[in-house]
Structures are given as C-alpha cells and as structure tokens.
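Source file coords29.cif; content: mmCIF, C-alpha atoms and all ligand atoms.
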```
data_protein
loop_
_atom_site.group_PDB
_atom_site.id
_atom_site.type_symbol
_atom_site.label_atom_id
_atom_site.label_comp_id
_atom_site.auth_asym_id
_atom_site.auth_seq_id
_atom_site.Cartn_x
_atom_site.Cartn_y
_atom_site.Cartn_z
ATOM 1 C CA MET A 1 33.582 15.433 -12.769
ATOM 2 C CA SER A 2 33.305 12.060 -11.064
ATOM 3 C CA THR A 3 33.609 13.555 -7.574
ATOM 4 C CA ILE A 4 30.391 15.544 -8.066
ATOM 5 C CA PHE A 5 28.506 12.268 -8.516
ATOM 6 C CA PHE A 6 29.761 11.228 -5.130
ATOM 7 C CA ILE A 7 29.539 14.532 -3.239
ATOM 8 C CA LEU A 8 26.016 15.400 -4.341
ATOM 9 C CA PRO A 9 24.297 12.184 -3.113
ATOM 10 C CA VAL A 10 26.211 12.371 0.182
ATOM 11 C CA GLY A 11 25.144 16.006 0.584
ATOM 12 C CA VAL A 12 21.538 15.061 -0.208
ATOM 13 C CA LEU A 13 21.725 12.257 2.370
ATOM 14 C CA LEU A 14 23.090 14.608 5.045
ATOM 15 C CA PHE A 15 20.510 17.247 4.146
ATOM 16 C CA GLY A 16 17.740 14.697 4.714
ATOM 17 C CA ALA A 17 19.240 13.567 8.040
ATOM 18 C CA ILE A 18 19.405 17.183 9.257
ATOM 19 C CA ILE A 19 15.738 17.737 8.298
ATOM 20 C CA GLY A 20 14.900 14.502 10.143
ATOM 21 C CA SER A 21 16.698 15.823 13.200
ATOM 22 C CA PHE A 22 14.681 19.038 12.975
ATOM 23 C CA LEU A 23 11.409 17.078 12.601
ATOM 24 C CA ASN A 24 12.308 15.124 15.757
ATOM 25 C CA ALA A 25 12.833 18.310 17.745
ATOM 26 C CA LEU A 26 9.614 19.729 16.306
ATOM 27 C CA SER A 27 7.646 16.585 17.171
ATOM 28 C CA PHE A 28 8.694 16.817 20.818
ATOM 29 C CA ARG A 29 7.974 20.529 21.085
ATOM 30 C CA PHE A 30 4.983 21.081 18.802
ATOM 31 C CA ASN A 31 1.794 21.726 20.802
ATOM 32 C CA THR A 32 3.584 21.135 24.104
ATOM 33 C CA GLY A 33 4.132 24.771 24.985
ATOM 34 C CA ARG A 34 7.863 24.400 24.332
ATOM 35 C CA SER A 35 8.916 26.761 21.626
ATOM 36 C CA ILE A 36 10.883 25.546 18.625
ATOM 37 C CA ALA A 37 12.479 28.978 18.402
ATOM 38 C CA ASN A 38 13.568 28.773 22.027
ATOM 39 C CA GLY A 39 17.175 28.159 21.114
ATOM 40 C CA ARG A 40 19.259 25.217 22.199
ATOM 41 C CA SER A 41 18.170 21.612 22.412
ATOM 42 C CA ARG A 42 18.111 20.076 25.858
ATOM 43 C CA CYS A 43 17.926 16.580 27.275
ATOM 44 C CA MET A 44 14.241 15.803 27.857
ATOM 45 C CA HIS A 45 15.142 14.242 31.198
ATOM 46 C CA CYS A 46 17.937 16.231 32.917
ATOM 47 C CA ASN A 47 17.403 19.443 30.910
ATOM 48 C CA HIS A 48 21.146 19.729 30.260
ATOM 49 C CA THR A 49 21.878 21.864 27.193
ATOM 50 C CA LEU A 50 23.133 19.594 24.418
ATOM 51 C CA GLY A 51 26.483 20.261 22.778
ATOM 52 C CA ILE A 52 27.327 19.981 19.118
ATOM 53 C CA LEU A 53 28.577 16.408 19.615
ATOM 54 C CA ASP A 54 25.163 15.375 20.972
ATOM 55 C CA LEU A 55 23.362 16.723 17.939
ATOM 56 C CA VAL A 56 24.984 14.992 14.962
ATOM 57 C CA PRO A 57 22.188 12.978 13.283
ATOM 58 C CA VAL A 58 22.419 9.186 13.788
ATOM 59 C CA PHE A 59 26.118 9.282 14.781
ATOM 60 C CA SER A 60 25.496 10.909 18.164
ATOM 61 C CA TYR A 61 22.982 8.199 18.988
ATOM 62 C CA LEU A 62 25.432 5.442 18.027
ATOM 63 C CA LEU A 63 28.377 7.154 19.728
ATOM 64 C CA LEU A 64 26.460 7.598 22.983
ATOM 65 C CA ARG A 65 24.939 4.111 22.666
ATOM 66 C CA GLY A 66 21.456 5.592 22.911
ATOM 67 C CA ARG A 67 21.950 7.300 26.277
ATOM 68 C CA CYS A 68 22.209 10.902 27.429
ATOM 69 C CA ARG A 69 25.860 11.892 27.982
ATOM 70 C CA TYR A 70 24.978 13.785 31.148
ATOM 71 C CA CYS A 71 22.356 11.742 33.005
ATOM 72 C CA GLY A 72 22.453 8.357 31.251
ATOM 73 C CA THR A 73 18.736 8.321 30.451
ATOM 74 C CA LYS A 74 17.779 6.325 27.370
ATOM 75 C CA ILE A 75 17.278 8.472 24.265
ATOM 76 C CA SER A 76 14.130 7.688 22.283
ATOM 77 C CA LEU A 77 14.751 5.370 19.333
ATOM 78 C CA GLN A 78 12.599 7.809 17.378
ATOM 79 C CA TYR A 79 15.639 10.093 16.932
ATOM 80 C CA PRO A 80 17.896 7.826 14.828
ATOM 81 C CA VAL A 81 14.962 6.100 13.078
ATOM 82 C CA VAL A 82 13.438 9.358 11.822
ATOM 83 C CA GLU A 83 16.872 10.687 10.831
ATOM 84 C CA ILE A 84 17.654 7.557 8.815
ATOM 85 C CA VAL A 85 14.195 7.503 7.185
ATOM 86 C CA ALA A 86 14.462 11.198 6.275
ATOM 87 C CA ALA A 87 17.958 10.683 4.825
ATOM 88 C CA GLY A 88 16.667 7.740 2.761
ATOM 89 C CA ILE A 89 13.663 9.702 1.496
ATOM 90 C CA SER A 90 15.937 12.588 0.545
ATOM 91 C CA LEU A 91 18.284 10.349 -1.459
ATOM 92 C CA ILE A 92 15.443 8.488 -3.206
ATOM 93 C CA THR A 93 13.749 11.795 -4.051
ATOM 94 C CA TYR A 94 17.011 13.100 -5.480
ATOM 95 C CA VAL A 95 17.458 9.988 -7.629
ATOM 96 C CA THR A 96 13.876 10.113 -8.948
ATOM 97 C CA HIS A 97 13.686 13.935 -9.233
ATOM 98 C CA PRO A 98 17.151 15.253 -10.128
ATOM 99 C CA ASP A 99 15.732 18.599 -11.274
ATOM 100 C CA PRO A 100 16.324 20.979 -8.301
ATOM 101 C CA LEU A 101 12.825 22.483 -8.289
ATOM 102 C CA ALA A 102 11.139 19.066 -8.455
ATOM 103 C CA PHE A 103 13.529 17.728 -5.811
ATOM 104 C CA PHE A 104 12.737 20.498 -3.332
ATOM 105 C CA PHE A 105 9.003 20.343 -4.057
ATOM 106 C CA TRP A 106 8.698 16.596 -3.460
ATOM 107 C CA LEU A 107 11.112 16.629 -0.542
ATOM 108 C CA LEU A 108 8.914 19.256 1.113
ATOM 109 C CA VAL A 109 5.834 17.092 0.444
ATOM 110 C CA TRP A 110 7.442 13.944 1.921
ATOM 111 C CA MET A 111 8.880 15.786 4.930
ATOM 112 C CA ILE A 112 5.495 17.308 5.817
ATOM 113 C CA LEU A 113 4.054 13.799 5.458
ATOM 114 C CA LEU A 114 6.829 12.359 7.622
ATOM 115 C CA PHE A 115 6.016 14.836 10.370
ATOM 116 C CA ILE A 116 2.303 13.988 10.103
ATOM 117 C CA VAL A 117 3.236 10.290 10.410
ATOM 118 C CA ILE A 118 5.375 10.884 13.526
ATOM 119 C CA TYR A 119 2.639 12.988 15.061
ATOM 120 C CA ASP A 120 -0.114 10.504 14.211
ATOM 121 C CA LEU A 121 1.950 7.649 15.717
ATOM 122 C CA ARG A 122 2.558 9.618 18.906
ATOM 123 C CA HIS A 123 -0.875 11.187 19.374
ATOM 124 C CA THR A 124 -3.197 9.349 16.898
ATOM 125 C CA ILE A 125 -4.258 12.687 15.487
ATOM 126 C CA ILE A 126 -3.288 14.518 12.309
ATOM 127 C CA PRO A 127 -2.321 18.144 13.003
ATOM 128 C CA TRP A 128 -4.255 20.617 10.842
ATOM 129 C CA SER A 129 -1.349 23.041 10.849
ATOM 130 C CA PHE A 130 0.494 20.502 8.699
ATOM 131 C CA SER A 131 -2.293 18.952 6.632
ATOM 132 C CA ILE A 132 -3.501 22.369 5.401
ATOM 133 C CA PRO A 133 -0.064 23.437 4.063
ATOM 134 C CA LEU A 134 0.083 20.030 2.369
ATOM 135 C CA LEU A 135 -3.260 20.736 0.673
ATOM 136 C CA PHE A 136 -1.866 24.074 -0.478
ATOM 137 C CA LEU A 137 1.184 22.310 -1.973
ATOM 138 C CA ALA A 138 -1.118 19.796 -3.677
ATOM 139 C CA LEU A 139 -3.109 22.591 -5.345
ATOM 140 C CA LEU A 140 0.148 24.266 -6.364
ATOM 141 C CA TRP A 141 1.108 20.966 -7.964
ATOM 142 C CA VAL A 142 -2.131 20.657 -9.948
ATOM 143 C CA PHE A 143 -2.163 24.263 -11.150
ATOM 144 C CA ILE A 144 1.506 25.062 -11.636
ATOM 145 C CA PHE A 145 3.992 22.206 -11.552
ATOM 146 C CA ARG A 146 2.208 19.187 -12.953
ATOM 147 C CA ASP A 147 2.575 18.529 -16.656
ATOM 148 C CA PRO A 148 -0.923 18.204 -18.219
ATOM 149 C CA MET A 149 0.359 15.445 -20.563
ATOM 150 C CA SER A 150 -1.928 14.574 -23.455
ATOM 151 C CA GLY A 151 -5.610 15.346 -23.900
ATOM 152 C CA SER A 152 -7.509 18.597 -23.535
ATOM 153 C CA ILE A 153 -6.733 21.032 -20.755
ATOM 154 C CA GLN A 154 -10.346 20.862 -19.523
ATOM 155 C CA SER A 155 -10.274 17.134 -19.017
ATOM 156 C CA TYR A 156 -6.853 17.481 -17.326
ATOM 157 C CA TYR A 157 -8.208 19.891 -14.738
ATOM 158 C CA LEU A 158 -11.439 17.925 -14.334
ATOM 159 C CA TRP A 159 -9.635 14.669 -13.473
ATOM 160 C CA ALA A 160 -6.705 16.239 -11.640
ATOM 161 C CA LEU A 161 -9.087 18.093 -9.327
ATOM 162 C CA LEU A 162 -11.604 15.250 -8.977
ATOM 163 C CA ALA A 163 -8.847 12.833 -7.935
ATOM 164 C CA GLY A 164 -8.611 14.409 -4.464
ATOM 165 C CA PRO A 165 -12.285 14.244 -3.421
ATOM 166 C CA LEU A 166 -12.882 10.891 -5.175
ATOM 167 C CA LEU A 167 -10.047 9.193 -3.298
ATOM 168 C CA ALA A 168 -10.882 10.891 0.003
ATOM 169 C CA LEU A 169 -14.542 9.838 -0.261
ATOM 170 C CA PRO A 170 -14.157 6.189 0.880
ATOM 171 C CA LEU A 171 -12.170 7.271 3.962
ATOM 172 C CA PHE A 172 -14.675 10.021 4.655
ATOM 173 C CA LEU A 173 -17.525 7.485 4.475
ATOM 174 C CA ILE A 174 -15.729 5.121 6.875
ATOM 175 C CA SER A 175 -15.356 7.998 9.347
ATOM 176 C CA LEU A 176 -18.981 8.989 8.835
ATOM 177 C CA VAL A 177 -20.357 5.480 9.396
ATOM 178 C CA SER A 178 -18.201 4.871 12.492
ATOM 179 C CA GLY A 179 -18.438 8.387 13.902
ATOM 180 C CA GLY A 180 -14.661 8.789 13.490
ATOM 181 C CA ARG A 181 -13.778 5.610 15.425
ATOM 182 C CA TRP A 182 -12.506 3.345 12.615
ATOM 183 C CA MET A 183 -10.931 6.157 10.674
ATOM 184 C CA GLY A 184 -10.068 9.636 11.906
ATOM 185 C CA TRP A 185 -11.425 12.686 10.091
ATOM 186 C CA GLY A 186 -7.877 13.849 9.475
ATOM 187 C CA ASP A 187 -7.247 10.823 7.258
ATOM 188 C CA SER A 188 -9.717 11.872 4.562
ATOM 189 C CA MET A 189 -8.298 15.400 4.696
ATOM 190 C CA LEU A 190 -4.837 13.909 4.143
ATOM 191 C CA GLU A 191 -6.086 11.690 1.331
ATOM 192 C CA LEU A 192 -7.612 14.746 -0.375
ATOM 193 C CA SER A 193 -4.097 16.198 -0.732
ATOM 194 C CA LEU A 194 -2.562 12.856 -1.746
ATOM 195 C CA GLY A 195 -5.194 12.388 -4.459
ATOM 196 C CA LEU A 196 -4.385 15.815 -5.905
ATOM 197 C CA LEU A 197 -0.652 15.113 -5.753
ATOM 198 C CA LEU A 198 -0.757 11.630 -7.282
ATOM 199 C CA GLY A 199 -3.713 11.808 -9.654
ATOM 200 C CA LEU A 200 -6.607 9.353 -9.762
ATOM 201 C CA SER A 201 -4.845 6.309 -11.163
ATOM 202 C CA VAL A 202 -1.603 6.326 -9.136
ATOM 203 C CA GLY A 203 -3.554 7.727 -6.170
ATOM 204 C CA ALA A 204 -5.980 4.786 -6.198
ATOM 205 C CA SER A 205 -3.010 2.398 -6.399
ATOM 206 C CA ALA A 206 -1.404 4.204 -3.443
ATOM 207 C CA LEU A 207 -4.634 3.874 -1.464
ATOM 208 C CA MET A 208 -4.740 0.140 -2.187
ATOM 209 C CA CYS A 209 -1.117 -0.204 -1.015
ATOM 210 C CA ALA A 210 -2.111 1.699 2.144
ATOM 211 C CA PHE A 211 -5.005 -0.665 2.915
ATOM 212 C CA TRP A 212 -2.935 -3.778 2.155
ATOM 213 C CA SER A 213 0.024 -2.687 4.279
ATOM 214 C CA GLY A 214 -2.380 -1.589 7.020
ATOM 215 C CA ALA A 215 -4.113 -4.987 6.982
ATOM 216 C CA LEU A 216 -0.757 -6.773 7.018
ATOM 217 C CA VAL A 217 0.521 -4.813 10.012
ATOM 218 C CA GLY A 218 -2.862 -5.237 11.714
ATOM 219 C CA ILE A 219 -2.673 -9.019 11.362
ATOM 220 C CA PHE A 220 0.922 -8.984 12.637
ATOM 221 C CA LEU A 221 -0.056 -6.967 15.695
ATOM 222 C CA LEU A 222 -3.023 -9.250 16.297
ATOM 223 C CA PHE A 223 -0.721 -12.259 16.555
ATOM 224 C CA LEU A 224 2.335 -10.702 18.140
ATOM 225 C CA LYS A 225 1.026 -8.116 20.554
ATOM 226 C CA LYS A 226 -0.907 -9.366 23.534
ATOM 227 C CA GLY A 227 -4.003 -7.370 24.340
ATOM 228 C CA PHE A 228 -4.203 -5.995 20.807
ATOM 229 C CA LYS A 229 -7.759 -6.333 19.522
ATOM 230 C CA ILE A 230 -9.028 -5.926 15.994
ATOM 231 C CA ARG A 231 -10.874 -2.827 17.222
ATOM 232 C CA SER A 232 -7.735 -1.267 18.698
ATOM 233 C CA GLU A 233 -7.041 2.038 17.060
ATOM 234 C CA ILE A 234 -4.184 2.003 14.548
ATOM 235 C CA PRO A 235 -3.089 5.364 13.145
ATOM 236 C CA PHE A 236 -3.730 5.234 9.404
ATOM 237 C CA ALA A 237 -1.638 8.207 8.228
ATOM 238 C CA PRO A 238 1.598 6.129 8.207
ATOM 239 C CA PHE A 239 0.016 3.698 5.732
ATOM 240 C CA LEU A 240 -1.425 6.462 3.548
ATOM 241 C CA ALA A 241 1.983 8.146 3.444
ATOM 242 C CA PHE A 242 3.805 4.865 2.799
ATOM 243 C CA GLY A 243 1.434 3.963 -0.044
ATOM 244 C CA ALA A 244 1.780 7.418 -1.577
ATOM 245 C CA PHE A 245 5.578 7.383 -1.421
ATOM 246 C CA LEU A 246 5.722 3.866 -2.844
ATOM 247 C CA ALA A 247 3.266 4.517 -5.681
ATOM 248 C CA HIS A 248 4.756 7.869 -6.663
ATOM 249 C CA THR A 249 8.413 6.852 -6.431
ATOM 250 C CA PHE A 250 8.127 3.513 -8.198
ATOM 251 C CA ASN A 251 5.247 4.544 -10.440
ATOM 252 C CA VAL A 252 2.947 1.844 -9.085
ATOM 253 C CA ASP A 253 -0.141 2.081 -11.237
ATOM 254 C CA PHE A 254 -2.615 -0.805 -11.292
ATOM 255 C CA PHE A 255 -5.038 1.106 -13.493
ATOM 256 C CA SER A 256 -2.793 2.515 -16.216
ATOM 257 C CA SER A 257 -4.574 0.465 -18.901
ATOM 258 C CA LEU A 258 -7.880 2.202 -18.149
ATOM 259 C CA PRO A 259 -7.980 5.117 -20.614
ATOM 260 C CA LEU A 260 -10.295 7.461 -18.704
ATOM 261 C CA LEU A 261 -8.350 7.730 -15.502
ATOM 262 C CA TRP A 262 -5.553 10.169 -14.892
HETATM 263 ZN ZN ZN B 1 20.050 13.897 30.306
#
```
The structure given in the file should be rewritten as structure tokens.
Amino acid sequence: MSTIFFILPVGVLLFGAIIGSFLNALSFRFNTGRSIANGRSRCMHCNHTLGILDLVPVFSYLLLRGRCRYCGTKISLQYPVVEIVAAGISLITYVTHPDPLAFFFWLLVWMILLFIVIYDLRHTIIPWSFSIPLLFLALLWVFIFRDPMSGSIQSYYLWALLAGPLLALPLFLISLVSGGRWMGWGDSMLELSLGLLLGLSVGASALMCAFWSGALVGIFLLFLKKGFKIRSEIPFAPFLAFGAFLAHTFNVDFFSSLPLLW
C-alpha cells in the first residue's frame, strides 16, 4: 500500500515532464511550417535525428551539459525549464485535485496556459488556436464540472458567466485606449477564459496577483536590464497565467468576505 503513495507522485511528475517536452517541441514547430506529426525530433542546428538518449526530459540536458551531442551547439535553456515547470505543475495539480477527472481537466487547462505563456514569451502574441480551446474548456467547467455550491441555480449561472466578461473588461479597455500597445487583444480573450474558470472572487484576486507580479518584474527589468524602458513591451500572459495558477491552487481570495461575489 505504501509503495503506491510513492509510485503515483513519481509517475505524475514524469507525466508532466513528458508533456513539457512535447510543449517544447510544439513551441518550436507551431506556425513555422515544420509539422509536429513529421516524426522524429532533430537538432535545430545540425538537423541530426535525435536518439532516445537525447530526448529524456531534463536528464538529457544535464547529461549533455546543455549541448548537442552531434554538433556541440548550445541547447536552449527553454527545454529543461519548461520540462521542470510542467512536472511541478503536474505534481501540484495531483496533490490539489486527486480525483482523476479533476486532475486531467485542470492539468489540461494549465498545460494549454503553459503553451500560451511560452508562445507569448517567444513571439509576444497569444495564439488563437490555443486560447479558443481554453475558452471551450472554461465553458465546460461552468456548465458541467463546477459545483454550483449554495444559492439558487440562476444566481450561480449569472455570476459564473459574468465573471469572464467582467474580469476581461479592464484589460479590454486598456487595449482599447492604447490601440493594443499597452496590452494585447489576446490578453482580454485569455482573461475571459480565466474568469470563467476561477469565478469572480478568486478570478479578481488572480488578476491582482498578475498586475502585482507584472509590476514587480517590470521594476526589476527597469533597474537590471540596460535599454529597457517603461514603455517596452512585456508579454502579459505569463503573469495572468501565474496569477490564475496561484489563486486557484492556494485558494487566494481577497474578496471572500463579500457575500455577493462568486
Ligand atoms: Zn546538433
């Protein structure tokens, strides 16, 4: 009996690392004309087909000391970082959602978000082909999976559905005022899904965490990075995703004492 408590978390960790590895491959191939279905992974530099020993998440990177086995070119740090983050998310999701259905649902949500974050960091744009499936999952959550808790079913649906547009509105307005320069249009689309997934109260807390962490990182960059100006474009999806994960996982809720909010 005790071994299962050990094997399961390790399996969950590995599962997350493998998804992270897949997200890495996807992030380098998506919208580049390279097909994800086009079989074997290759070195981005020398195009050598990678063997099984080159493809073990995290360990390959450490074993090869961050260089390609065949041509010696540096491997992007993105590979091990994303694999470790994905493994961590998977384990935390398993601990907070031990029920298999809930685990797979939330893992899917966080992994789609993780891909959006990688993509936003690389290209400062949020891909619609990922934010629309996320919106679909969010609606599935409101209508099927989420427990309506107390109160009437009408007020549940009213607040659960309003949470998305209400939380997306401030981001939408920032984009509108700045013509999309301070905040991309994709951010309000993303926030729409996060609002539906988290509800108004936790969602608002998540949004506050996003703005705080964004401001903190912005100030850091301002001091540490030469040539970084306050008007330099910072992708905001990573902060939205971070805030959402934080608020949902640790039940951060600054507004729980307000009776009206969900
Ligand atoms: Zn190579």
Please write as a PDB file with C-alpha atoms, keeping the file's coordinate frame the full residue list that the PyMOL selection byres (((chain A and resi 90) around 9) and not hetatm) yields on this file.
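The resulting part14.pdb:
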```
ATOM      1  CA  VAL A  12      21.538  15.061  -0.208  1.00  0.00           C
ATOM      2  CA  LEU A  13      21.725  12.257   2.370  1.00  0.00           C
ATOM      3  CA  LEU A  14      23.090  14.608   5.045  1.00  0.00           C
ATOM      4  CA  PHE A  15      20.510  17.247   4.146  1.00  0.00           C
ATOM      5  CA  GLY A  16      17.740  14.697   4.714  1.00  0.00           C
ATOM      6  CA  ALA A  17      19.240  13.567   8.040  1.00  0.00           C
ATOM      7  CA  VAL A  85      14.195   7.503   7.185  1.00  0.00           C
ATOM      8  CA  ALA A  86      14.462  11.198   6.275  1.00  0.00           C
ATOM      9  CA  ALA A  87      17.958  10.683   4.825  1.00  0.00           C
ATOM     10  CA  GLY A  88      16.667   7.740   2.761  1.00  0.00           C
ATOM     11  CA  ILE A  89      13.663   9.702   1.496  1.00  0.00           C
ATOM     12  CA  LEU A  91      18.284  10.349  -1.459  1.00  0.00           C
ATOM     13  CA  ILE A  92      15.443   8.488  -3.206  1.00  0.00           C
ATOM     14  CA  THR A  93      13.749  11.795  -4.051  1.00  0.00           C
ATOM     15  CA  TYR A  94      17.011  13.100  -5.480  1.00  0.00           C
ATOM     16  CA  VAL A  95      17.458   9.988  -7.629  1.00  0.00           C
ATOM     17  CA  PHE A 103      13.529  17.728  -5.811  1.00  0.00           C
ATOM     18  CA  LEU A 107      11.112  16.629  -0.542  1.00  0.00           C
ATOM     19  CA  TRP A 110       7.442  13.944   1.921  1.00  0.00           C
ATOM     20  CA  MET A 111       8.880  15.786   4.930  1.00  0.00           C
TER      21      MET A 111
END
```
Checklist entry - Given the file above and the PyMOL selection byres (((chain A and resi 203-218) around 8) and not hetatm), which residues are selected, and can you give them as a ChimeraX atom specification? => result /A:163,167,194-195,197-202,219-222,230,234,236,239-248,252-255
I need the residues from that last selection saved to file as a short mmCIF file (atom, residue, chain, number, x, y, z; two decimals), keeping the file's coordinate frame (with C-alpha atoms), if you can.
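So the final result, stored in part_9.cif, reads:
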```
data_model
loop_
_atom_site.label_atom_id
_atom_site.label_comp_id
_atom_site.auth_asym_id
_atom_site.auth_seq_id
_atom_site.Cartn_x
_atom_site.Cartn_y
_atom_site.Cartn_z
CA ALA A 163 -8.85 12.83 -7.94
CA LEU A 167 -10.05 9.19 -3.30
CA LEU A 194 -2.56 12.86 -1.75
CA GLY A 195 -5.19 12.39 -4.46
CA LEU A 197 -0.65 15.11 -5.75
CA LEU A 198 -0.76 11.63 -7.28
CA GLY A 199 -3.71 11.81 -9.65
CA LEU A 200 -6.61 9.35 -9.76
CA SER A 201 -4.84 6.31 -11.16
CA VAL A 202 -1.60 6.33 -9.14
CA ILE A 219 -2.67 -9.02 11.36
CA PHE A 220 0.92 -8.98 12.64
CA LEU A 221 -0.06 -6.97 15.70
CA LEU A 222 -3.02 -9.25 16.30
CA ILE A 230 -9.03 -5.93 15.99
CA ILE A 234 -4.18 2.00 14.55
CA PHE A 236 -3.73 5.23 9.40
CA PHE A 239 0.02 3.70 5.73
CA LEU A 240 -1.42 6.46 3.55
CA ALA A 241 1.98 8.15 3.44
CA PHE A 242 3.80 4.86 2.80
CA GLY A 243 1.43 3.96 -0.04
CA ALA A 244 1.78 7.42 -1.58
CA PHE A 245 5.58 7.38 -1.42
CA LEU A 246 5.72 3.87 -2.84
CA ALA A 247 3.27 4.52 -5.68
CA HIS A 248 4.76 7.87 -6.66
CA VAL A 252 2.95 1.84 -9.09
CA ASP A 253 -0.14 2.08 -11.24
CA PHE A 254 -2.62 -0.80 -11.29
CA PHE A 255 -5.04 1.11 -13.49
#
```
Item to check | Shortest interatomic distance to A:Leu108 - which of A:Asp120, A:Asn47, A:Phe136, A:Val56, counting only C-alpha atoms | outcome: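 That would be A:Phe136, the residue with the smallest distance to A:Leu108.
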Item to check | Explicit residues for the PyMOL selection byres (((not hetatm)) within 10 of (chain B and resi 1)) (as number ranges by chain) | outcome: A: 42-50, 67-75
Checklist entry - Near A:Leu171, within 9 Å and counting all atoms listed in the file, which residues show up once chain neighbours fewer than 5 positions away are dropped, as a PyMOL selection string? => result chain A and resi 176+183-185+187-188+191
Checklist entry - Hey, which of A:Phe223, A:Tyr61, A:Phe172, A:Trp141 ends up closest to A:Ser193? Count all atoms listed in the file. => result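 Residue with the minimum atom-to-atom distance to A:Ser193: A:Trp141.
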Checklist entry - Of the candidates A:Asp54, A:Ser175, A:Met189, A:Ser27, which one gets nearest to A:Arg40 if we count all atoms listed in the file? => result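 Ranked by minimum distance to A:Arg40, first place goes to A:Asp54.
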Checklist entry - Looking at A:Tyr157, A:Leu137, A:Ile118, A:Gly66, which one is nearest to A:Phe104, with distances taken over all atoms listed in the file? => result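 Closest to A:Phe104, using all atoms listed in the file: A:Leu137.
Reported to one decimal place, the separation of atom CA of A:Ser131 from atom CA of A:Gln78 is 21.5 Å.
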